[in-house]
Amino acid sequence: MTNDNLWYKDAVFYQISVRAFKDSDGDGYGDLRGIKEKLDYLQTLGVDCLWLMPIYPSPLRDDGYDIADYSNIDPMYGTLDDFASLINAAHARGIRIIMDLVLNHTSDEHPWFKASRSDKNSPFREYYVWSDTDQKYKDTRIIFVDTEKSNWTWDEKTEQYYWHRFYASQPDLNFDNPKVQEEMINVARFWLDLGVDGFRADAVPYLFEREGTNCENLPETHIYLKKLRAFMEANYPGKILLCEANQWPEDVRPYFGDGDEFHMGFHFPIMPRIYMALKKERADDMIEILSRTPSIPENCQWCTFLRNHDELTLEMVTPEERQWMWEQYAPEPRMRINLGIRRRLAPLLDNDRRKIELANSLLFTLPGSPIVYYGDEIGMGDNIELPDRNGVRTPMQWDNSANAGFTSGRPFAPVIQNYPRINVAGQVDEKDSLFHTIRRMIETRKKYPAFGHGAMEWINVDNPALAVYTRSLQGITLLVINNLSASPQKVSLPAELHGGHVNLIAETRTKIDMSLDLQPYEYRWLKRI
Ligand code: NOJ
């Protein structure tokens, strides 16, 4: 593992649903020991840092984002010792581990909330946001629009409403209470002491509420997050905070502060525009959003992704674009949820290997550190029969044995039935598989830090179907050409890019003179020789 405190700028991340990754004890649920068994695989893939989805005890009404105990692990996933042992084993291989830190809300089964709702005079009453009326904060949008009618829920016993930005079973903590602020710093300390390398901080725009605002991105929120960062910086240098703020780039920018708030932030708006680019066969939406993305401090980094455990969110597009995306990518109503699409990468791209590779080419070469969602490296499918977002959280497909080698017991959810064909073992054995292409992309990206933190420049080639740009760092310039269209394209490149090049993925040579011919959805990562 490098000692470099800026490691995250060049890292490739891998997101794991612990429940769905690998079951080591036959109870049908993935667990921490299961991940440990699969570290060889993750090392072969070449990822630098794992992001584990929530493993805290939880009634699982929001898949663990509803926490009932912040300093424990749900027995279904293992013990604190198992976690420490996984972290050590991962570190020994140079792989870091970050976990979810859910600051904004708890489960309604958390003892704080149980005490809070038991009595208006409970010392825990002030841990949550209570009100006599549900007319406060009316300018605040509802996030889970399919299920929640209000951000307030009436409590029969104490006859007040409590505030929640997500499910009613996830009451928001009251960050105006200094005790809450301190409790959450203690939570961070607990896990950092256990050895985690940082946190993906969930739902951070919503920590505070103020009348007359939309209760998002408030100045008080930044003050608190800076405190959390200062605490980490002072005690755990090199450990990171990754910001989940599903917002426009200019609204995410303040979460980096002056390099004293978050180390990283998801770039939500670029994601749907990659899918738009592939359908429209045009690069302009990507170019537009990156051009309106403010620059960030030197010690910060964007985090890019194609898919994750949630719906493919369409919050960061216009209503017309959202409608269009639904029509294009979610033709059946049950593929839609809230403001998004509950499908996985491969089925979204028609299981077309060329499109899947092209989307990954963009992911791995545009600015930011990429996150791969477990299973997308083998082109795993989804199951739209399952409720909520569970259809994209199905068991990992390891091999062609029963239950795809995920468990010897009864899997917590049905395995996607294409597993005899789509599984890790088969793809590791097959040198031309999607797995090996992704592995090669990761390897190449790590060999050339220009992809991680080099400058990026669009090359104007007078052909909207092509996304052409350079990434350069310390005298090394890499040229990336992506053909977004289903038809062959010719690209004319400026004279300064002419000459002999090596294709870093295919390991072939190309001579660029006046123009270059590209196959449908072809991409090339080129370096001058
Ligand atoms: C964002 C998480 O990604 C999502 O899965 C969860 O439902 C909400 N935050 C609430 O914690």
# chains A, B, ... in the order shown; residues from 1 in each chain; ligands from 1
>>> residues_around(residues="Phe262 in chain A", least_positions_apart="5", cutoff="7 Å", atoms="only C-alpha atoms", output="VMD selection string")
chain A and resid 241 to 243 255 to 256
>>> write_last_selection(atoms="all heavy atoms", output="mmCIF file, in the first residue's frame")
data_model
loop_
_atom_site.group_PDB
_atom_site.id
_atom_site.type_symbol
_atom_site.label_atom_id
_atom_site.label_comp_id
_atom_site.auth_asym_id
_atom_site.auth_seq_id
_atom_site.Cartn_x
_atom_site.Cartn_y
_atom_site.Cartn_z
ATOM 1 N N LEU A 241 -12.658 11.045 3.162
ATOM 2 C CA LEU A 241 -14.106 11.262 3.189
ATOM 3 C C LEU A 241 -14.588 11.447 1.755
ATOM 4 O O LEU A 241 -14.094 12.317 1.037
ATOM 5 C CB LEU A 241 -14.423 12.547 3.959
ATOM 6 C CG LEU A 241 -14.405 12.497 5.482
ATOM 7 C CD1 LEU A 241 -14.528 13.908 6.043
ATOM 8 C CD2 LEU A 241 -15.543 11.613 6.006
ATOM 9 N N LEU A 242 -15.534 10.617 1.372
ATOM 10 C CA LEU A 242 -16.122 10.689 0.021
ATOM 11 C C LEU A 242 -17.567 11.159 0.171
ATOM 12 O O LEU A 242 -18.348 10.580 0.923
ATOM 13 C CB LEU A 242 -16.043 9.294 -0.617
ATOM 14 C CG LEU A 242 -16.936 8.974 -1.817
ATOM 15 C CD1 LEU A 242 -16.689 9.937 -2.970
ATOM 16 C CD2 LEU A 242 -16.682 7.537 -2.291
ATOM 17 N N CYS A 243 -17.892 12.201 -0.552
ATOM 18 C CA CYS A 243 -19.168 12.906 -0.372
ATOM 19 C C CYS A 243 -20.261 12.374 -1.297
ATOM 20 O O CYS A 243 -20.094 12.386 -2.518
ATOM 21 C CB CYS A 243 -18.916 14.381 -0.678
ATOM 22 S SG CYS A 243 -20.369 15.397 -0.787
ATOM 23 N N TYR A 255 -18.499 21.382 -1.128
ATOM 24 C CA TYR A 255 -18.171 20.255 -0.249
ATOM 25 C C TYR A 255 -16.675 19.928 -0.255
ATOM 26 O O TYR A 255 -16.203 19.166 0.582
ATOM 27 C CB TYR A 255 -18.992 19.004 -0.621
ATOM 28 C CG TYR A 255 -20.445 19.152 -0.214
ATOM 29 C CD1 TYR A 255 -21.385 19.667 -1.098
ATOM 30 C CD2 TYR A 255 -20.854 18.835 1.074
ATOM 31 C CE1 TYR A 255 -22.705 19.839 -0.720
ATOM 32 C CE2 TYR A 255 -22.167 19.005 1.468
ATOM 33 C CZ TYR A 255 -23.093 19.507 0.569
ATOM 34 O OH TYR A 255 -24.394 19.686 0.955
ATOM 35 N N PHE A 256 -15.942 20.485 -1.220
ATOM 36 C CA PHE A 256 -14.482 20.325 -1.190
ATOM 37 C C PHE A 256 -13.842 21.432 -0.345
ATOM 38 O O PHE A 256 -12.677 21.327 0.031
ATOM 39 C CB PHE A 256 -13.907 20.370 -2.607
ATOM 40 C CG PHE A 256 -14.335 19.210 -3.484
ATOM 41 C CD1 PHE A 256 -15.184 19.403 -4.559
ATOM 42 C CD2 PHE A 256 -13.866 17.933 -3.231
ATOM 43 C CE1 PHE A 256 -15.563 18.343 -5.376
ATOM 44 C CE2 PHE A 256 -14.238 16.862 -4.045
ATOM 45 C CZ PHE A 256 -15.094 17.069 -5.117
#
>>> select_by_dssp(residues="range 104-302 of chain A", states="alpha helix (DSSP H)", output="count of residues only")
65
>>> residues_around(residues="Ser169 in chain A", least_positions_apart="2", cutoff="12 Å", atoms="only C-alpha atoms", output="PyMOL selection string")
chain A and resi 58-68+105-110+113-114+147-148+151-155+162-167+171-172
>>> atom_distance(atom1="CA of Glu320 in chain A", atom2="CA of Arg389 in chain A")
23.6 Å
>>> residues_around(residues="range 324-326 of chain A", least_positions_apart="6", cutoff="9 Å", atoms="only C-alpha atoms", output="ChimeraX atom specification")
/A:272,275-276,314,332-333,335-336,340-341
>>> write_last_selection(atoms="N, CA and C atoms", output="tab-separated table (two decimals), in the first residue's frame")
chain	number	residue	atom	x	y	z
A	272	PRO	N	-25.55	10.13	-15.96
A	272	PRO	CA	-26.61	9.94	-16.97
A	272	PRO	C	-26.20	10.43	-18.35
A	275	TYR	N	-24.79	7.79	-20.55
A	275	TYR	CA	-25.84	6.99	-21.19
A	275	TYR	C	-26.54	7.79	-22.30
A	276	MET	N	-26.69	9.10	-22.07
A	276	MET	CA	-27.30	9.93	-23.11
A	276	MET	C	-26.41	9.93	-24.35
A	314	LEU	N	-31.90	10.08	-12.06
A	314	LEU	CA	-32.10	11.10	-13.09
A	314	LEU	C	-32.49	12.43	-12.43
A	332	GLU	N	-40.30	-0.34	-19.76
A	332	GLU	CA	-41.38	-0.90	-18.92
A	332	GLU	C	-41.47	-0.09	-17.63
A	333	PRO	N	-42.71	0.27	-17.21
A	333	PRO	CA	-42.85	1.10	-16.00
A	333	PRO	C	-42.14	0.50	-14.79
A	335	MET	N	-39.42	-0.81	-14.57
A	335	MET	CA	-37.97	-0.55	-14.57
A	335	MET	C	-37.67	0.79	-13.91
A	336	ARG	N	-38.74	1.55	-13.61
A	336	ARG	CA	-38.53	2.90	-13.05
A	336	ARG	C	-38.79	2.89	-11.55
A	340	GLY	N	-35.66	7.60	-11.21
A	340	GLY	CA	-34.55	6.88	-11.84
A	340	GLY	C	-34.95	5.56	-12.46
A	341	ILE	N	-33.92	4.76	-12.73
A	341	ILE	CA	-34.08	3.51	-13.47
A	341	ILE	C	-33.40	2.40	-12.68
>>> closest_residue(among="A:Leu45, A:Ala425, A:Met286, A:Leu101", to="ligand 1", atoms="only C-alpha atoms and all ligand atoms")
A:Leu101
>>> atom_distance(atom1="CA of Ile55 in chain A", atom2="CA of Gly195 in chain A")
15.1 Å
>>> closest_residue(among="A:Ile459, A:Val18, A:Val47, A:Leu6", to="Gly78 in chain A", atoms="only C-alpha atoms")
A:Val18
>>> decode(residues="range 274-396 of chain A", atoms="C-alpha atoms", output="PDB file, in the first residue's frame")
ATOM      1  CA  ILE A 274     -22.658   8.978 -20.518  1.00  0.00           C
ATOM      2  CA  TYR A 275     -25.843   6.993 -21.192  1.00  0.00           C
ATOM      3  CA  MET A 276     -27.295   9.929 -23.113  1.00  0.00           C
ATOM      4  CA  ALA A 277     -24.157  10.087 -25.227  1.00  0.00           C
ATOM      5  CA  LEU A 278     -24.425   6.447 -26.200  1.00  0.00           C
ATOM      6  CA  LYS A 279     -28.093   6.716 -27.246  1.00  0.00           C
ATOM      7  CA  LYS A 280     -27.849  10.093 -28.969  1.00  0.00           C
ATOM      8  CA  GLU A 281     -24.494   9.157 -30.468  1.00  0.00           C
ATOM      9  CA  ARG A 282     -23.281  12.603 -29.492  1.00  0.00           C
ATOM     10  CA  ALA A 283     -20.679  13.840 -27.039  1.00  0.00           C
ATOM     11  CA  ASP A 284     -22.106  17.311 -26.403  1.00  0.00           C
ATOM     12  CA  ASP A 285     -24.008  16.649 -23.146  1.00  0.00           C
ATOM     13  CA  MET A 286     -20.829  15.254 -21.578  1.00  0.00           C
ATOM     14  CA  ILE A 287     -18.787  18.167 -22.871  1.00  0.00           C
ATOM     15  CA  GLU A 288     -21.331  20.666 -21.552  1.00  0.00           C
ATOM     16  CA  ILE A 289     -21.492  19.230 -18.020  1.00  0.00           C
ATOM     17  CA  LEU A 290     -17.722  18.929 -17.716  1.00  0.00           C
ATOM     18  CA  SER A 291     -17.298  22.490 -18.930  1.00  0.00           C
ATOM     19  CA  ARG A 292     -19.647  23.691 -16.212  1.00  0.00           C
ATOM     20  CA  THR A 293     -17.813  21.661 -13.572  1.00  0.00           C
ATOM     21  CA  PRO A 294     -15.740  24.037 -11.449  1.00  0.00           C
ATOM     22  CA  SER A 295     -12.143  23.213 -10.739  1.00  0.00           C
ATOM     23  CA  ILE A 296     -11.444  21.719  -7.332  1.00  0.00           C
ATOM     24  CA  PRO A 297      -8.516  22.077  -4.925  1.00  0.00           C
ATOM     25  CA  GLU A 298      -5.309  20.155  -5.685  1.00  0.00           C
ATOM     26  CA  ASN A 299      -5.850  17.654  -2.891  1.00  0.00           C
ATOM     27  CA  CYS A 300      -9.390  16.780  -4.022  1.00  0.00           C
ATOM     28  CA  GLN A 301     -10.790  14.387  -6.573  1.00  0.00           C
ATOM     29  CA  TRP A 302     -14.083  13.626  -8.302  1.00  0.00           C
ATOM     30  CA  CYS A 303     -15.426  10.139  -8.152  1.00  0.00           C
ATOM     31  CA  THR A 304     -17.076   8.738 -11.268  1.00  0.00           C
ATOM     32  CA  PHE A 305     -19.341   5.728 -11.712  1.00  0.00           C
ATOM     33  CA  LEU A 306     -21.627   4.099 -14.255  1.00  0.00           C
ATOM     34  CA  ARG A 307     -23.910   2.301 -11.832  1.00  0.00           C
ATOM     35  CA  ASN A 308     -24.295   1.725  -8.122  1.00  0.00           C
ATOM     36  CA  HIS A 309     -26.695   0.030  -5.704  1.00  0.00           C
ATOM     37  CA  ASP A 310     -29.375   2.688  -6.182  1.00  0.00           C
ATOM     38  CA  GLU A 311     -31.490   3.488  -9.179  1.00  0.00           C
ATOM     39  CA  LEU A 312     -29.657   5.153 -12.067  1.00  0.00           C
ATOM     40  CA  THR A 313     -30.607   8.549 -10.731  1.00  0.00           C
ATOM     41  CA  LEU A 314     -32.105  11.100 -13.094  1.00  0.00           C
ATOM     42  CA  GLU A 315     -32.203  13.950 -10.597  1.00  0.00           C
ATOM     43  CA  MET A 316     -29.384  15.777 -12.369  1.00  0.00           C
ATOM     44  CA  VAL A 317     -31.091  16.157 -15.769  1.00  0.00           C
ATOM     45  CA  THR A 318     -33.969  18.336 -16.979  1.00  0.00           C
ATOM     46  CA  PRO A 319     -37.550  16.958 -16.784  1.00  0.00           C
ATOM     47  CA  GLU A 320     -37.518  16.544 -20.586  1.00  0.00           C
ATOM     48  CA  GLU A 321     -34.242  14.662 -20.506  1.00  0.00           C
ATOM     49  CA  ARG A 322     -35.560  12.470 -17.702  1.00  0.00           C
ATOM     50  CA  GLN A 323     -38.616  11.566 -19.742  1.00  0.00           C
ATOM     51  CA  TRP A 324     -36.404  10.783 -22.709  1.00  0.00           C
ATOM     52  CA  MET A 325     -34.050   8.646 -20.613  1.00  0.00           C
ATOM     53  CA  TRP A 326     -37.008   6.690 -19.218  1.00  0.00           C
ATOM     54  CA  GLU A 327     -38.323   6.092 -22.713  1.00  0.00           C
ATOM     55  CA  GLN A 328     -34.916   4.996 -23.974  1.00  0.00           C
ATOM     56  CA  TYR A 329     -33.637   2.957 -21.047  1.00  0.00           C
ATOM     57  CA  ALA A 330     -36.717   1.986 -19.008  1.00  0.00           C
ATOM     58  CA  PRO A 331     -39.461   1.176 -21.498  1.00  0.00           C
ATOM     59  CA  GLU A 332     -41.375  -0.899 -18.915  1.00  0.00           C
ATOM     60  CA  PRO A 333     -42.851   1.096 -15.998  1.00  0.00           C
ATOM     61  CA  ARG A 334     -41.510  -1.398 -13.440  1.00  0.00           C
ATOM     62  CA  MET A 335     -37.969  -0.554 -14.572  1.00  0.00           C
ATOM     63  CA  ARG A 336     -38.535   2.897 -13.053  1.00  0.00           C
ATOM     64  CA  ILE A 337     -38.373   3.944  -9.427  1.00  0.00           C
ATOM     65  CA  ASN A 338     -38.525   7.404  -7.884  1.00  0.00           C
ATOM     66  CA  LEU A 339     -36.617   9.634 -10.334  1.00  0.00           C
ATOM     67  CA  GLY A 340     -34.549   6.878 -11.841  1.00  0.00           C
ATOM     68  CA  ILE A 341     -34.081   3.511 -13.473  1.00  0.00           C
ATOM     69  CA  ARG A 342     -33.570   0.329 -11.472  1.00  0.00           C
ATOM     70  CA  ARG A 343     -31.428  -1.641 -13.901  1.00  0.00           C
ATOM     71  CA  ARG A 344     -27.810  -2.711 -14.147  1.00  0.00           C
ATOM     72  CA  LEU A 345     -25.136  -1.643 -16.599  1.00  0.00           C
ATOM     73  CA  ALA A 346     -25.105  -4.653 -18.937  1.00  0.00           C
ATOM     74  CA  PRO A 347     -28.881  -4.905 -19.526  1.00  0.00           C
ATOM     75  CA  LEU A 348     -29.107  -1.102 -19.889  1.00  0.00           C
ATOM     76  CA  LEU A 349     -26.612  -1.384 -22.729  1.00  0.00           C
ATOM     77  CA  ASP A 350     -28.452  -4.313 -24.356  1.00  0.00           C
ATOM     78  CA  ASN A 351     -25.771  -6.721 -23.089  1.00  0.00           C
ATOM     79  CA  ASP A 352     -23.777  -5.420 -26.051  1.00  0.00           C
ATOM     80  CA  ARG A 353     -20.129  -5.965 -25.291  1.00  0.00           C
ATOM     81  CA  ARG A 354     -19.080  -3.048 -27.501  1.00  0.00           C
ATOM     82  CA  LYS A 355     -21.294  -0.566 -25.663  1.00  0.00           C
ATOM     83  CA  ILE A 356     -20.313  -1.903 -22.234  1.00  0.00           C
ATOM     84  CA  GLU A 357     -16.634  -1.515 -23.068  1.00  0.00           C
ATOM     85  CA  LEU A 358     -17.172   1.953 -24.495  1.00  0.00           C
ATOM     86  CA  ALA A 359     -19.010   3.131 -21.362  1.00  0.00           C
ATOM     87  CA  ASN A 360     -16.118   1.767 -19.309  1.00  0.00           C
ATOM     88  CA  SER A 361     -13.625   3.478 -21.582  1.00  0.00           C
ATOM     89  CA  LEU A 362     -15.285   6.776 -20.689  1.00  0.00           C
ATOM     90  CA  LEU A 363     -15.440   5.862 -17.001  1.00  0.00           C
ATOM     91  CA  PHE A 364     -11.749   5.054 -16.821  1.00  0.00           C
ATOM     92  CA  THR A 365     -10.427   7.972 -18.848  1.00  0.00           C
ATOM     93  CA  LEU A 366     -12.594  10.985 -17.966  1.00  0.00           C
ATOM     94  CA  PRO A 367     -11.419  13.061 -14.991  1.00  0.00           C
ATOM     95  CA  GLY A 368     -12.022  11.505 -11.571  1.00  0.00           C
ATOM     96  CA  SER A 369     -11.373   8.239  -9.793  1.00  0.00           C
ATOM     97  CA  PRO A 370     -13.705   5.494 -11.007  1.00  0.00           C
ATOM     98  CA  ILE A 371     -15.833   3.152  -8.927  1.00  0.00           C
ATOM     99  CA  VAL A 372     -16.807  -0.216 -10.362  1.00  0.00           C
ATOM    100  CA  TYR A 373     -20.057  -1.676  -9.004  1.00  0.00           C
ATOM    101  CA  TYR A 374     -19.597  -5.327  -8.038  1.00  0.00           C
ATOM    102  CA  GLY A 375     -20.554  -7.659 -10.877  1.00  0.00           C
ATOM    103  CA  ASP A 376     -20.441  -5.006 -13.592  1.00  0.00           C
ATOM    104  CA  GLU A 377     -16.934  -6.163 -14.484  1.00  0.00           C
ATOM    105  CA  ILE A 378     -18.458  -9.444 -15.708  1.00  0.00           C
ATOM    106  CA  GLY A 379     -21.622  -7.901 -17.164  1.00  0.00           C
ATOM    107  CA  MET A 380     -24.017  -9.181 -14.513  1.00  0.00           C
ATOM    108  CA  GLY A 381     -27.744  -8.762 -15.130  1.00  0.00           C
ATOM    109  CA  ASP A 382     -30.632  -7.519 -12.988  1.00  0.00           C
ATOM    110  CA  ASN A 383     -33.985  -8.817 -11.800  1.00  0.00           C
ATOM    111  CA  ILE A 384     -36.799  -6.324 -12.175  1.00  0.00           C
ATOM    112  CA  GLU A 385     -39.216  -8.708 -10.429  1.00  0.00           C
ATOM    113  CA  LEU A 386     -37.596  -7.839  -7.101  1.00  0.00           C
ATOM    114  CA  PRO A 387     -38.973  -4.807  -5.210  1.00  0.00           C
ATOM    115  CA  ASP A 388     -37.306  -1.436  -4.500  1.00  0.00           C
ATOM    116  CA  ARG A 389     -33.671  -1.367  -5.702  1.00  0.00           C
ATOM    117  CA  ASN A 390     -33.057  -5.021  -4.849  1.00  0.00           C
ATOM    118  CA  GLY A 391     -32.999  -6.111  -8.478  1.00  0.00           C
ATOM    119  CA  VAL A 392     -29.491  -4.663  -8.839  1.00  0.00           C
ATOM    120  CA  ARG A 393     -28.264  -6.166  -5.549  1.00  0.00           C
ATOM    121  CA  THR A 394     -28.456  -9.864  -6.379  1.00  0.00           C
ATOM    122  CA  PRO A 395     -25.823 -12.497  -5.466  1.00  0.00           C
ATOM    123  CA  MET A 396     -22.455 -12.213  -7.178  1.00  0.00           C
TER     124      MET A 396
END
